Structure formats: structure tokens, C-alpha cells
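File shown here: model-v8.pdb, holding PDB, C-alpha atoms and all ligand atoms.
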MODEL        1
ATOM      1  CA  MET O   1      93.754  90.534  97.805
ATOM      2  CA  VAL O   2      95.678  93.658  96.771
ATOM      3  CA  VAL O   3      93.770  96.952  96.400
ATOM      4  CA  THR O   4      95.669  99.826  94.801
ATOM      5  CA  ILE O   5      94.974 103.541  95.200
ATOM      6  CA  ASP O   6      96.879 105.945  92.971
ATOM      7  CA  GLY O   7      96.445 109.652  92.390
ATOM      8  CA  PRO O   8      98.005 113.126  92.660
ATOM      9  CA  SER O   9      98.957 114.875  95.913
ATOM     10  CA  GLY O  10      96.080 116.316  97.854
ATOM     11  CA  ALA O  11      93.387 114.091  96.350
ATOM     12  CA  GLY O  12      92.745 112.562  99.778
ATOM     13  CA  LYS O  13      94.504 109.241  99.128
ATOM     14  CA  SER O  14      96.091 108.842 102.564
ATOM     15  CA  THR O  15      92.945 109.352 104.619
ATOM     16  CA  VAL O  16      90.880 107.150 102.379
ATOM     17  CA  SER O  17      93.528 104.406 102.029
ATOM     18  CA  ARG O  18      94.046 104.206 105.764
ATOM     19  CA  ARG O  19      90.309 104.044 106.418
ATOM     20  CA  LEU O  20      89.705 101.495 103.680
ATOM     21  CA  ALA O  21      92.459  99.225 105.015
ATOM     22  CA  ALA O  22      91.012  99.485 108.542
ATOM     23  CA  GLU O  23      87.453  98.716 107.339
ATOM     24  CA  LEU O  24      88.636  95.685 105.375
ATOM     25  CA  GLY O  25      91.160  94.471 107.955
ATOM     26  CA  PHE O  26      93.897  94.725 105.292
ATOM     27  CA  ALA O  27      97.440  95.993 105.895
ATOM     28  CA  TYR O  28      98.183  99.538 104.669
ATOM     29  CA  LEU O  29     101.259 100.484 102.654
ATOM     30  CA  ASP O  30     102.029 104.152 101.985
ATOM     31  CA  THR O  31     104.613 103.994  99.199
ATOM     32  CA  GLY O  32     105.045 107.785  99.232
ATOM     33  CA  ALA O  33     106.646 107.253 102.657
ATOM     34  CA  LEU O  34     109.241 104.959 101.036
ATOM     35  CA  TYR O  35     110.137 107.622  98.447
ATOM     36  CA  ARG O  36     110.224 110.190 101.217
ATOM     37  CA  ALA O  37     112.563 107.928 103.233
ATOM     38  CA  VAL O  38     114.906 107.897 100.227
ATOM     39  CA  GLY O  39     114.551 111.710 100.149
ATOM     40  CA  LEU O  40     115.378 111.901 103.860
ATOM     41  CA  ALA O  41     118.431 109.667 103.468
ATOM     42  CA  ALA O  42     119.569 111.805 100.523
ATOM     43  CA  SER O  43     119.060 115.000 102.490
ATOM     44  CA  VAL O  44     121.023 113.732 105.507
ATOM     45  CA  GLN O  45     123.797 112.204 103.423
ATOM     46  CA  GLY O  46     124.341 115.125 101.033
ATOM     47  CA  MET O  47     122.805 113.484  97.949
ATOM     48  CA  ALA O  48     119.678 115.651  97.591
ATOM     49  CA  ARG O  49     121.048 117.574  94.599
ATOM     50  CA  GLU O  50     122.788 114.669  92.916
ATOM     51  CA  THR O  51     121.737 114.325  89.277
ATOM     52  CA  SER O  52     123.869 111.367  88.143
ATOM     53  CA  GLU O  53     121.882 108.122  88.153
ATOM     54  CA  ALA O  54     125.122 106.117  88.393
ATOM     55  CA  VAL O  55     126.132 107.976  91.545
ATOM     56  CA  ILE O  56     122.630 107.519  93.007
ATOM     57  CA  ALA O  57     122.693 103.797  92.142
ATOM     58  CA  ALA O  58     126.042 103.345  93.897
ATOM     59  CA  TRP O  59     124.847 105.348  96.903
ATOM     60  CA  LEU O  60     121.637 103.256  97.197
ATOM     61  CA  THR O  61     123.668 100.090  97.792
ATOM     62  CA  ARG O  62     124.542 101.641 101.168
ATOM     63  CA  VAL O  63     121.014 102.818 102.019
ATOM     64  CA  ASP O  64     119.059 100.605 104.408
ATOM     65  CA  ILE O  65     115.295 101.193 104.099
ATOM     66  CA  THR O  66     112.731  98.633 105.245
ATOM     67  CA  ALA O  67     108.945  98.448 105.648
ATOM     68  CA  LYS O  68     107.849  96.386 108.639
ATOM     69  CA  PRO O  69     104.258  95.319 109.306
ATOM     70  CA  GLU O  70     103.157  96.678 112.666
ATOM     71  CA  ARG O  71      99.546  96.766 113.868
ATOM     72  CA  GLY O  72      97.890  96.813 110.456
ATOM     73  CA  ARG O  73     100.307  99.050 108.590
ATOM     74  CA  PHE O  74     103.784  99.004 107.169
ATOM     75  CA  VAL O  75     106.122 101.248 109.133
ATOM     76  CA  VAL O  76     109.073 102.643 107.160
ATOM     77  CA  TYR O  77     112.515 102.496 108.736
ATOM     78  CA  LEU O  78     115.781 104.110 107.706
ATOM     79  CA  GLU O  79     118.303 101.855 109.389
ATOM     80  CA  ASP O  80     116.724 101.314 112.799
ATOM     81  CA  ARG O  81     114.694 104.555 112.902
ATOM     82  CA  ASP O  82     110.990 105.000 112.187
ATOM     83  CA  VAL O  83     111.105 107.908 109.658
ATOM     84  CA  GLU O  84     107.502 109.131 110.069
ATOM     85  CA  ALA O  85     108.312 112.192 112.191
ATOM     86  CA  PHE O  86     110.927 113.448 109.700
ATOM     87  CA  ILE O  87     109.366 113.028 106.236
ATOM     88  CA  ARG O  88     106.088 114.957 106.219
ATOM     89  CA  ASN O  89     107.368 118.286 104.995
ATOM     90  CA  GLU O  90     107.629 120.056 101.644
ATOM     91  CA  GLU O  91     111.426 119.893 101.551
ATOM     92  CA  ILE O  92     111.572 116.105 101.812
ATOM     93  CA  GLY O  93     108.525 115.825  99.502
ATOM     94  CA  GLY O  94     110.347 117.862  96.857
ATOM     95  CA  ILE O  95     113.529 115.783  97.094
ATOM     96  CA  ALA O  96     111.459 112.573  96.986
ATOM     97  CA  SER O  97     109.623 113.783  93.904
ATOM     98  CA  ARG O  98     112.870 114.617  92.076
ATOM     99  CA  LEU O  99     114.628 111.379  93.016
ATOM    100  CA  SER O 100     111.538 109.310  92.201
ATOM    101  CA  ALA O 101     112.076 110.080  88.503
ATOM    102  CA  MET O 102     115.346 108.103  88.592
ATOM    103  CA  ALA O 103     115.411 104.464  87.501
ATOM    104  CA  PRO O 104     117.729 103.216  90.279
ATOM    105  CA  VAL O 105     115.450 104.714  92.939
ATOM    106  CA  ARG O 106     112.322 103.109  91.478
ATOM    107  CA  GLY O 107     114.143  99.789  91.068
ATOM    108  CA  PHE O 108     115.451  99.966  94.625
ATOM    109  CA  LEU O 109     111.910 100.292  96.024
ATOM    110  CA  LEU O 110     110.139  97.901  93.650
ATOM    111  CA  SER O 111     110.978  94.578  95.332
ATOM    112  CA  LEU O 112     110.382  96.071  98.754
ATOM    113  CA  GLN O 113     106.855  97.092  97.695
ATOM    114  CA  ARG O 114     106.097  93.754  96.017
ATOM    115  CA  ARG O 115     107.211  91.852  99.100
ATOM    116  CA  ALA O 116     104.601  93.758 101.108
ATOM    117  CA  GLY O 117     101.995  92.543  98.617
ATOM    118  CA  GLN O 118     103.004  88.933  99.194
ATOM    119  CA  ALA O 119     102.553  89.185 102.938
ATOM    120  CA  GLY O 120      98.721  89.113 102.764
ATOM    121  CA  ASP O 121      95.756  91.369 102.031
ATOM    122  CA  LEU O 122      96.932  94.890 101.303
ATOM    123  CA  VAL O 123      95.788  98.410 100.456
ATOM    124  CA  ALA O 124      98.733 100.029  98.627
ATOM    125  CA  GLU O 125      98.757 103.780  98.026
ATOM    126  CA  GLY O 126     101.010 105.721  95.643
ATOM    127  CA  ARG O 127     101.440 106.863  92.058
ATOM    128  CA  ASP O 128     102.157 103.631  90.151
ATOM    129  CA  MET O 129     100.573 100.931  92.288
ATOM    130  CA  GLY O 130      98.038  99.810  89.674
ATOM    131  CA  THR O 131     100.249 100.399  86.637
ATOM    132  CA  VAL O 132     103.711  99.105  87.633
ATOM    133  CA  VAL O 133     104.041  97.655  91.129
ATOM    134  CA  PHE O 134     100.842  95.574  91.322
ATOM    135  CA  PRO O 135      99.565  95.322  87.730
ATOM    136  CA  GLN O 136      97.656  92.126  88.695
ATOM    137  CA  ALA O 137      95.847  93.763  91.634
ATOM    138  CA  GLN O 138      92.218  92.661  91.857
ATOM    139  CA  VAL O 139      90.866  96.165  92.548
ATOM    140  CA  LYS O 140      92.410  99.445  91.423
ATOM    141  CA  PHE O 141      91.346 102.993  92.155
ATOM    142  CA  PHE O 142      92.567 106.317  90.817
ATOM    143  CA  LEU O 143      91.556 109.044  93.224
ATOM    144  CA  THR O 144      91.728 112.583  91.942
ATOM    145  CA  ALA O 145      90.267 116.050  92.584
ATOM    146  CA  GLN O 146      90.327 119.391  90.792
ATOM    147  CA  ASP O 147      93.607 121.329  91.127
ATOM    148  CA  ALA O 148      92.121 124.233  93.109
ATOM    149  CA  GLU O 149      90.441 121.868  95.549
ATOM    150  CA  ARG O 150      93.623 119.855  96.113
ATOM    151  CA  ALA O 151      95.592 123.053  96.741
ATOM    152  CA  ARG O 152      92.967 124.277  99.188
ATOM    153  CA  ARG O 153      93.076 120.998 101.136
ATOM    154  CA  ARG O 154      96.858 120.944 101.288
ATOM    155  CA  TYR O 155      96.864 124.614 102.394
ATOM    156  CA  GLU O 156      94.411 123.883 105.244
ATOM    157  CA  GLU O 157      96.624 120.970 106.287
ATOM    158  CA  LEU O 158      99.872 122.973 106.341
ATOM    159  CA  LYS O 159      98.589 126.330 107.611
ATOM    160  CA  PRO O 160      98.532 125.547 111.368
ATOM    161  CA  GLY O 161     102.262 124.787 111.376
ATOM    162  CA  ARG O 162     103.244 127.465 108.842
ATOM    163  CA  PRO O 163     101.074 130.571 109.202
ATOM    164  CA  GLU O 164     103.234 132.554 106.718
ATOM    165  CA  LEU O 165     102.287 130.205 103.868
ATOM    166  CA  THR O 166      99.880 131.462 101.168
ATOM    167  CA  LEU O 167      97.399 129.484  99.115
ATOM    168  CA  ALA O 168      99.175 130.652  95.958
ATOM    169  CA  GLN O 169     102.487 129.210  97.194
ATOM    170  CA  VAL O 170     100.900 125.870  98.006
ATOM    171  CA  ALA O 171      99.153 125.782  94.624
ATOM    172  CA  GLY O 172     102.459 126.537  92.888
ATOM    173  CA  ASP O 173     104.342 123.790  94.761
ATOM    174  CA  LEU O 174     101.581 121.306  94.067
ATOM    175  CA  ALA O 175     101.537 122.148  90.347
ATOM    176  CA  ALA O 176     105.330 121.718  90.143
ATOM    177  CA  ARG O 177     105.172 118.342  91.884
ATOM    178  CA  ASP O 178     102.229 117.172  89.733
ATOM    179  CA  GLY O 179     104.117 118.210  86.615
ATOM    180  CA  ARG O 180     107.145 116.152  87.652
ATOM    181  CA  ASP O 181     105.089 113.110  88.730
ATOM    182  CA  GLN O 182     103.010 113.115  85.532
ATOM    183  CA  GLY O 183     105.723 114.152  83.117
ATOM    184  CA  ARG O 184     108.501 111.727  84.052
ATOM    185  CA  SER O 185     109.185 108.956  81.572
ATOM    186  CA  LEU O 186     109.377 106.222  84.225
ATOM    187  CA  ALA O 187     106.132 105.105  85.851
ATOM    188  CA  PRO O 188     104.381 108.460  85.340
ATOM    189  CA  LEU O 189     101.254 109.168  87.331
ATOM    190  CA  THR O 190      98.397 107.883  85.198
ATOM    191  CA  PRO O 191      95.302 105.754  85.881
ATOM    192  CA  ALA O 192      95.689 102.033  85.134
ATOM    193  CA  ARG O 193      93.466 100.957  82.256
ATOM    194  CA  ASP O 194      91.344  98.896  84.649
ATOM    195  CA  ALA O 195      91.229 101.464  87.472
ATOM    196  CA  VAL O 196      87.989 102.911  88.802
ATOM    197  CA  VAL O 197      88.492 106.695  88.629
ATOM    198  CA  ILE O 198      86.946 108.652  91.508
ATOM    199  CA  ASP O 199      86.874 112.458  91.586
ATOM    200  CA  SER O 200      86.699 113.584  95.222
ATOM    201  CA  SER O 201      86.263 117.319  94.456
ATOM    202  CA  LYS O 202      82.616 117.377  95.405
ATOM    203  CA  ILE O 203      82.196 114.285  97.543
ATOM    204  CA  GLY O 204      83.418 113.662 101.073
ATOM    205  CA  VAL O 205      85.597 110.933 102.534
ATOM    206  CA  GLU O 206      82.618 108.827 103.654
ATOM    207  CA  GLU O 207      81.153 108.785 100.174
ATOM    208  CA  VAL O 208      84.495 107.894  98.548
ATOM    209  CA  LEU O 209      84.944 105.139 101.101
ATOM    210  CA  ALA O 210      81.477 103.731 100.471
ATOM    211  CA  LEU O 211      82.157 103.595  96.723
ATOM    212  CA  MET O 212      85.444 101.801  97.302
ATOM    213  CA  LEU O 213      84.071  99.329  99.835
ATOM    214  CA  ALA O 214      81.251  98.395  97.488
ATOM    215  CA  ARG O 215      83.707  97.793  94.650
ATOM    216  CA  VAL O 216      86.076  95.692  96.809
ATOM    217  CA  ARG O 217      83.211  93.591  98.172
ATOM    218  CA  GLU O 218      81.875  93.048  94.667
ATOM    219  CA  ALA O 219      85.337  91.858  93.558
ATOM    220  CA  GLY O 220      85.604  89.606  96.620
ATOM    221  CA  GLU O 221      82.284  87.958  95.800
ATOM    222  CA  ALA O 222      83.316  87.415  92.189
ATOM    223  CA  THR O 223      86.435  85.406  93.133
TER     224      THR O 223
HETATM  225  O1  LIG T 301     102.463 110.609  98.156
HETATM  226  P1  LIG T 301     103.628 111.459  98.640
HETATM  227  O2  LIG T 301     103.421 112.928  98.486
HETATM  228  O3  LIG T 301     104.040 111.083 100.017
HETATM  229  O4  LIG T 301     104.860 111.059  97.657
HETATM  230  C1  LIG T 301     106.092 111.726  97.665
HETATM  231  C2  LIG T 301     106.725 111.673  96.280
HETATM  232  O5  LIG T 301     107.121 110.321  95.992
HETATM  233  C3  LIG T 301     105.797 112.056  95.131
HETATM  234  O6  LIG T 301     106.022 113.375  94.695
HETATM  235  C4  LIG T 301     106.156 111.141  94.006
HETATM  236  C5  LIG T 301     106.864 109.988  94.652
HETATM  237  N1  LIG T 301     106.117 108.734  94.578
HETATM  238  C6  LIG T 301     106.278 107.971  93.451
HETATM  239  O7  LIG T 301     106.952 108.375  92.521
HETATM  240  N2  LIG T 301     105.660 106.753  93.364
HETATM  241  C7  LIG T 301     104.913 106.298  94.367
HETATM  242  N3  LIG T 301     104.344 105.093  94.259
HETATM  243  C8  LIG T 301     104.719 107.085  95.529
HETATM  244  C9  LIG T 301     105.328 108.309  95.607
ENDMDL
END

How does the structure come out when it is put into C-alpha cells?
Amino acid sequence: MVVTIDGPSGAGKSTVSRRLAAELGFAYLDTGALYRAVGLAASVQGMARETSEAVIAAWLTRVDITAKPERGRFVVYLEDRDVEAFIRNEEIGGIASRLSAMAPVRGFLLSLQRRAGQAGDLVAEGRDMGTVVFPQAQVKFFLTAQDAERARRRYEELKPGRPELTLAQVAGDLAARDGRDQGRSLAPLTPARDAVVIDSSKIGVEEVLALMLARVREAGEAT
């Protein structure tokens, strides 16, 4: 079974997706990490500001990104390096967001993501899991939260490492990224027609998880 979780940054997708996969014994795929790996490769190889899709398409033929199942989750590699320690920052997030609007980048990652879905039961997290990558998924969720709440969460997350950061800055960055992710013409962030929409503004992780588990179990019983 494939379970998809889409939604904007800061809605709590990662925590919930990871927990849901663990509870169900499904593999976990963080597709944001794949886009961030493309962002990292672009940053290292001087392509971060490239705007020509033809140039990006040609460059991607030389980029080696893979997702390997390891202990219940897909680990993203750039060549032979696990990228995790290098991609969780605003710079790489910004590059990933810009490049993710380009057709060759989305095409490049599409088959990689679908292959993960063929490997067995999966919880796949991203922006277009239920709409584009796994349109036939048995259970789809769209996890969201009010803008101010998402900014507050992201601020709390970043503050320990960057004490100079202000809530207003984080809110501004988040709004810019949301605007790009929702406004792009290719695979924009939007709930799939058959997605269960959950607003996590006023409910905690445990409650979101309980709602999701109930829905997945219901779907499992129906098949
Ligand atoms: O979820 P994240 O912040 O790690 O994602 C980084 C960027 O990648 C995000 O701004 C948009 C893009 N992305 C995408 O376009 N489609 C996905 N399925 C996942 C991420």
C-alpha cells in the first residue's frame, strides 16, 4: 500500500510521516530530500542560479542521485555520499524550491520516486505525492496548518542553531517558498481531490497520527 502525505513547509509532515511509517511498518520516503539533493548538487557544481531549462536538463544527465532503502527509510545519496547532513538549511531549501519548478528536475526525480513505491508498502511525503507521483495511492493526506503557526514552528526549530534569526524573517522566507510551491505551473502544491485534509494548527502530533492510522486501517480493511 502507498500512503501519501502532502502539504506546505512547517505543517509537521516530516515528524508525522516518519512516525506513521514506523507505526505501520512501512518504508518512509522524504521526497523533499531528493529535491534538496538536486539543490545541493547545483550549489556545489555552480548551477544554483541557472535559469535555462535546457542547460539544467543537460547538467542533470551527469547528476547521480539515488534513494536506497535502509532500515525502514529511503536514504538519499549524491554519488556515494549520504546527503542528510548537508541539505537541512534554508540556502539549499531555497535552491531546491526554485529548481523544483523546472520540468527537467521534476522529470528526473519522477521515476526514482515511483520505483520506491514499487518496492513495497510506503509512506511518501512531499508536495505532489497524491496528485502526480502516486495518483493511484490508496490513502492520501494533505497536512496543513495556519501560516502563523507554521512560521512559529519553523522558527523554534531553527532558533537554537541561528540565534540572530527573527520570527518575521522566518515567516517571510516561508511565505516566499509557499508562494513558489503553490504558484508554479508544474505540479503545484494542492490537495488531491481524494485527499483527507488535516489542519494541524490546533491539534498535536499524536492526534494527527491517530486520525491517519484510523484512516489507513480502514482502507486496509476495505481491500
Ligand atoms: O519538504 P522540503 O522543504 O524538504 O522540500 C524542499 C523543496 O522541494 C520545496 O520547497 C519544494 C520542493 N518539493 C517539491 O517540489 N515536490 C516534492 N514532492 C517535494 C519537495

### Query
Do you know which residues the PyMOL selection byres (((not hetatm)) within 9 of (chain T and resi 301)) returns on this file, as a VMD selection string?
chain O and resid 6 to 10 13 to 14 30 to 36 39 87 to 88 90 92 to 101 106 124 to 129 132 to 133 177 to 178 180 to 181 186 to 189

Give me a file of those residues, with C-alpha atoms, as a PDB file, in the frame of the given file.
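As a result, out.pdb now contains:
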ATOM      1  CA  ASP O   6      96.879 105.945  92.971  1.00  0.00           C
ATOM      2  CA  GLY O   7      96.445 109.652  92.390  1.00  0.00           C
ATOM      3  CA  PRO O   8      98.005 113.126  92.660  1.00  0.00           C
ATOM      4  CA  SER O   9      98.957 114.875  95.913  1.00  0.00           C
ATOM      5  CA  GLY O  10      96.080 116.316  97.854  1.00  0.00           C
ATOM      6  CA  LYS O  13      94.504 109.241  99.128  1.00  0.00           C
ATOM      7  CA  SER O  14      96.091 108.842 102.564  1.00  0.00           C
ATOM      8  CA  ASP O  30     102.029 104.152 101.985  1.00  0.00           C
ATOM      9  CA  THR O  31     104.613 103.994  99.199  1.00  0.00           C
ATOM     10  CA  GLY O  32     105.045 107.785  99.232  1.00  0.00           C
ATOM     11  CA  ALA O  33     106.646 107.253 102.657  1.00  0.00           C
ATOM     12  CA  LEU O  34     109.241 104.959 101.036  1.00  0.00           C
ATOM     13  CA  TYR O  35     110.137 107.622  98.447  1.00  0.00           C
ATOM     14  CA  ARG O  36     110.224 110.190 101.217  1.00  0.00           C
ATOM     15  CA  GLY O  39     114.551 111.710 100.149  1.00  0.00           C
ATOM     16  CA  ILE O  87     109.366 113.028 106.236  1.00  0.00           C
ATOM     17  CA  ARG O  88     106.088 114.957 106.219  1.00  0.00           C
ATOM     18  CA  GLU O  90     107.629 120.056 101.644  1.00  0.00           C
ATOM     19  CA  ILE O  92     111.572 116.105 101.812  1.00  0.00           C
ATOM     20  CA  GLY O  93     108.525 115.825  99.502  1.00  0.00           C
ATOM     21  CA  GLY O  94     110.347 117.862  96.857  1.00  0.00           C
ATOM     22  CA  ILE O  95     113.529 115.783  97.094  1.00  0.00           C
ATOM     23  CA  ALA O  96     111.459 112.573  96.986  1.00  0.00           C
ATOM     24  CA  SER O  97     109.623 113.783  93.904  1.00  0.00           C
ATOM     25  CA  ARG O  98     112.870 114.617  92.076  1.00  0.00           C
ATOM     26  CA  LEU O  99     114.628 111.379  93.016  1.00  0.00           C
ATOM     27  CA  SER O 100     111.538 109.310  92.201  1.00  0.00           C
ATOM     28  CA  ALA O 101     112.076 110.080  88.503  1.00  0.00           C
ATOM     29  CA  ARG O 106     112.322 103.109  91.478  1.00  0.00           C
ATOM     30  CA  ALA O 124      98.733 100.029  98.627  1.00  0.00           C
ATOM     31  CA  GLU O 125      98.757 103.780  98.026  1.00  0.00           C
ATOM     32  CA  GLY O 126     101.010 105.721  95.643  1.00  0.00           C
ATOM     33  CA  ARG O 127     101.440 106.863  92.058  1.00  0.00           C
ATOM     34  CA  ASP O 128     102.157 103.631  90.151  1.00  0.00           C
ATOM     35  CA  MET O 129     100.573 100.931  92.288  1.00  0.00           C
ATOM     36  CA  VAL O 132     103.711  99.105  87.633  1.00  0.00           C
ATOM     37  CA  VAL O 133     104.041  97.655  91.129  1.00  0.00           C
ATOM     38  CA  ARG O 177     105.172 118.342  91.884  1.00  0.00           C
ATOM     39  CA  ASP O 178     102.229 117.172  89.733  1.00  0.00           C
ATOM     40  CA  ARG O 180     107.145 116.152  87.652  1.00  0.00           C
ATOM     41  CA  ASP O 181     105.089 113.110  88.730  1.00  0.00           C
ATOM     42  CA  LEU O 186     109.377 106.222  84.225  1.00  0.00           C
ATOM     43  CA  ALA O 187     106.132 105.105  85.851  1.00  0.00           C
ATOM     44  CA  PRO O 188     104.381 108.460  85.340  1.00  0.00           C
ATOM     45  CA  LEU O 189     101.254 109.168  87.331  1.00  0.00           C
TER      46      LEU O 189
END

### Task
Excluding Arg81 (chain O) and any residue of its chain fewer than 3 positions from it, enumerate the residues within 12 Å of it, using all atoms listed in the file, and give them as a list of chain:residue names.
O:Ala37, O:Leu40, O:Ala41, O:Asp64, O:Ile65, O:Thr66, O:Ala67, O:Lys68, O:Val75, O:Val76, O:Tyr77, O:Leu78, O:Glu84, O:Ala85, O:Phe86

Residues within 12 Å of (96.0, 120.6, 103.9), file coords, only C-alpha atoms, listed as a compact mmCIF listing (two decimals) with C-alpha atoms, in the coordinates of the input:
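File produced: point38.txt:
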# COMPACT_ATOMS: atom_id res chain seq x y z
CA SER O 9 98.96 114.88 95.91
CA GLY O 10 96.08 116.32 97.85
CA ALA O 11 93.39 114.09 96.35
CA GLY O 12 92.74 112.56 99.78
CA SER O 14 96.09 108.84 102.56
CA THR O 15 92.94 109.35 104.62
CA ARG O 88 106.09 114.96 106.22
CA ASN O 89 107.37 118.29 105.00
CA GLU O 90 107.63 120.06 101.64
CA GLU O 149 90.44 121.87 95.55
CA ARG O 150 93.62 119.86 96.11
CA ALA O 151 95.59 123.05 96.74
CA ARG O 152 92.97 124.28 99.19
CA ARG O 153 93.08 121.00 101.14
CA ARG O 154 96.86 120.94 101.29
CA TYR O 155 96.86 124.61 102.39
CA GLU O 156 94.41 123.88 105.24
CA GLU O 157 96.62 120.97 106.29
CA LEU O 158 99.87 122.97 106.34
CA LYS O 159 98.59 126.33 107.61
CA PRO O 160 98.53 125.55 111.37
CA GLY O 161 102.26 124.79 111.38
CA ARG O 162 103.24 127.46 108.84
CA LEU O 165 102.29 130.21 103.87
CA THR O 166 99.88 131.46 101.17
CA LEU O 167 97.40 129.48 99.12
CA VAL O 170 100.90 125.87 98.01
CA ALA O 171 99.15 125.78 94.62
CA LEU O 174 101.58 121.31 94.07

### Message
Applying 10 Å and all atoms listed in the file, which residues near region 3-5 of chain O remain after dropping the ones on its own chain fewer than 3 positions away? List them as number ranges by chain.
### Response
O: 13-14, 16-17, 20-21, 26, 28-30, 117, 121-131, 133-143, 191-192, 195-197, 212, 216

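Across the model, the gap from CA of Ala175 (chain O) to CA of Pro163 (chain O) is 20.7 Å.
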
### Task
Calculate how many Å separate CA of Glu218 (chain O) from CA of Glu70 (chain O), rounding to one decimal.
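Value for the CA of Glu218 (chain O)-CA of Glu70 (chain O) distance: 28.1 Å.
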
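The space separating CA of Leu211 (chain O) from CA of Ala148 (chain O) comes to 23.2 Å.
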
#### Entry: Counting only C-alpha atoms, the residue of O:Phe74, O:Val205, O:Ala58, O:Glu164 that sits nearest Leu112 (chain O)
O:Phe74

Report, as lines of an AutoDock Vina configuration file, the centre and edge lengths in Å (one decimal) of the axis-aligned box enclosing every listed atom of region 163-174 of chain O, padded by 8 Å on each side.
center_x = 100.9
center_y = 126.9
center_z = 101.0
size_x = 22.9
size_y = 27.2
size_z = 32.3

### Query
Which residue out of O:Arg217, O:Gln146, O:Asp173, O:Gln45 has the minimum interatomic distance to Ser200 (chain O) when only C-alpha atoms are used?
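Looking only at the distances to Ser200 (chain O), the closest residue turns out to be O:Gln146.
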
Where atoms are absent from region 100-107 of chain O, fill them in so it carries all heavy atoms, then output it as an mmCIF file, in the coordinates of the input.
data_model
loop_
_atom_site.group_PDB
_atom_site.id
_atom_site.type_symbol
_atom_site.label_atom_id
_atom_site.label_comp_id
_atom_site.auth_asym_id
_atom_site.auth_seq_id
_atom_site.Cartn_x
_atom_site.Cartn_y
_atom_site.Cartn_z
ATOM 1 N N SER O 100 112.429 110.394 92.640
ATOM 2 C CA SER O 100 111.538 109.310 92.201
ATOM 3 C C SER O 100 111.485 109.185 90.674
ATOM 4 O O SER O 100 110.974 108.206 90.151
ATOM 5 C CB SER O 100 110.122 109.526 92.756
ATOM 6 O OG SER O 100 109.510 110.627 92.127
ATOM 7 N N ALA O 101 112.036 110.170 89.971
ATOM 8 C CA ALA O 101 112.076 110.080 88.503
ATOM 9 C C ALA O 101 113.258 109.223 88.034
ATOM 10 O O ALA O 101 113.374 108.904 86.860
ATOM 11 C CB ALA O 101 112.173 111.478 87.900
ATOM 12 N N MET O 102 114.133 108.842 88.978
ATOM 13 C CA MET O 102 115.346 108.103 88.592
ATOM 14 C C MET O 102 115.132 106.592 88.650
ATOM 15 O O MET O 102 114.649 106.056 89.657
ATOM 16 C CB MET O 102 116.496 108.475 89.527
ATOM 17 C CG MET O 102 116.968 109.915 89.358
ATOM 18 S SD MET O 102 118.470 110.119 90.346
ATOM 19 C CE MET O 102 118.953 111.764 89.883
ATOM 20 N N ALA O 103 115.589 105.918 87.599
ATOM 21 C CA ALA O 103 115.411 104.464 87.501
ATOM 22 C C ALA O 103 115.990 103.697 88.697
ATOM 23 O O ALA O 103 115.316 102.803 89.224
ATOM 24 C CB ALA O 103 116.009 103.961 86.194
ATOM 25 N N PRO O 104 117.207 104.001 89.158
ATOM 26 C CA PRO O 104 117.729 103.216 90.279
ATOM 27 C C PRO O 104 116.893 103.348 91.544
ATOM 28 O O PRO O 104 116.779 102.393 92.312
ATOM 29 C CB PRO O 104 119.142 103.785 90.504
ATOM 30 C CG PRO O 104 119.340 104.892 89.558
ATOM 31 C CD PRO O 104 118.199 104.946 88.613
ATOM 32 N N VAL O 105 116.284 104.521 91.744
ATOM 33 C CA VAL O 105 115.450 104.714 92.939
ATOM 34 C C VAL O 105 114.179 103.870 92.828
ATOM 35 O O VAL O 105 113.793 103.157 93.763
ATOM 36 C CB VAL O 105 115.107 106.215 93.138
ATOM 37 C CG1 VAL O 105 114.112 106.406 94.278
ATOM 38 C CG2 VAL O 105 116.379 107.012 93.396
ATOM 39 N N ARG O 106 113.553 103.886 91.655
ATOM 40 C CA ARG O 106 112.322 103.109 91.478
ATOM 41 C C ARG O 106 112.626 101.613 91.579
ATOM 42 O O ARG O 106 111.870 100.857 92.187
ATOM 43 C CB ARG O 106 111.633 103.449 90.155
ATOM 44 C CG ARG O 106 111.333 104.934 89.970
ATOM 45 C CD ARG O 106 110.143 105.190 89.077
ATOM 46 N NE ARG O 106 108.886 104.849 89.723
ATOM 47 C CZ ARG O 106 108.218 105.643 90.567
ATOM 48 N NH1 ARG O 106 108.668 106.849 90.844
ATOM 49 N NH2 ARG O 106 107.094 105.221 91.114
ATOM 50 N N GLY O 107 113.749 101.198 91.002
ATOM 51 C CA GLY O 107 114.143 99.789 91.068
ATOM 52 C C GLY O 107 114.430 99.361 92.501
ATOM 53 O O GLY O 107 114.026 98.281 92.938
#
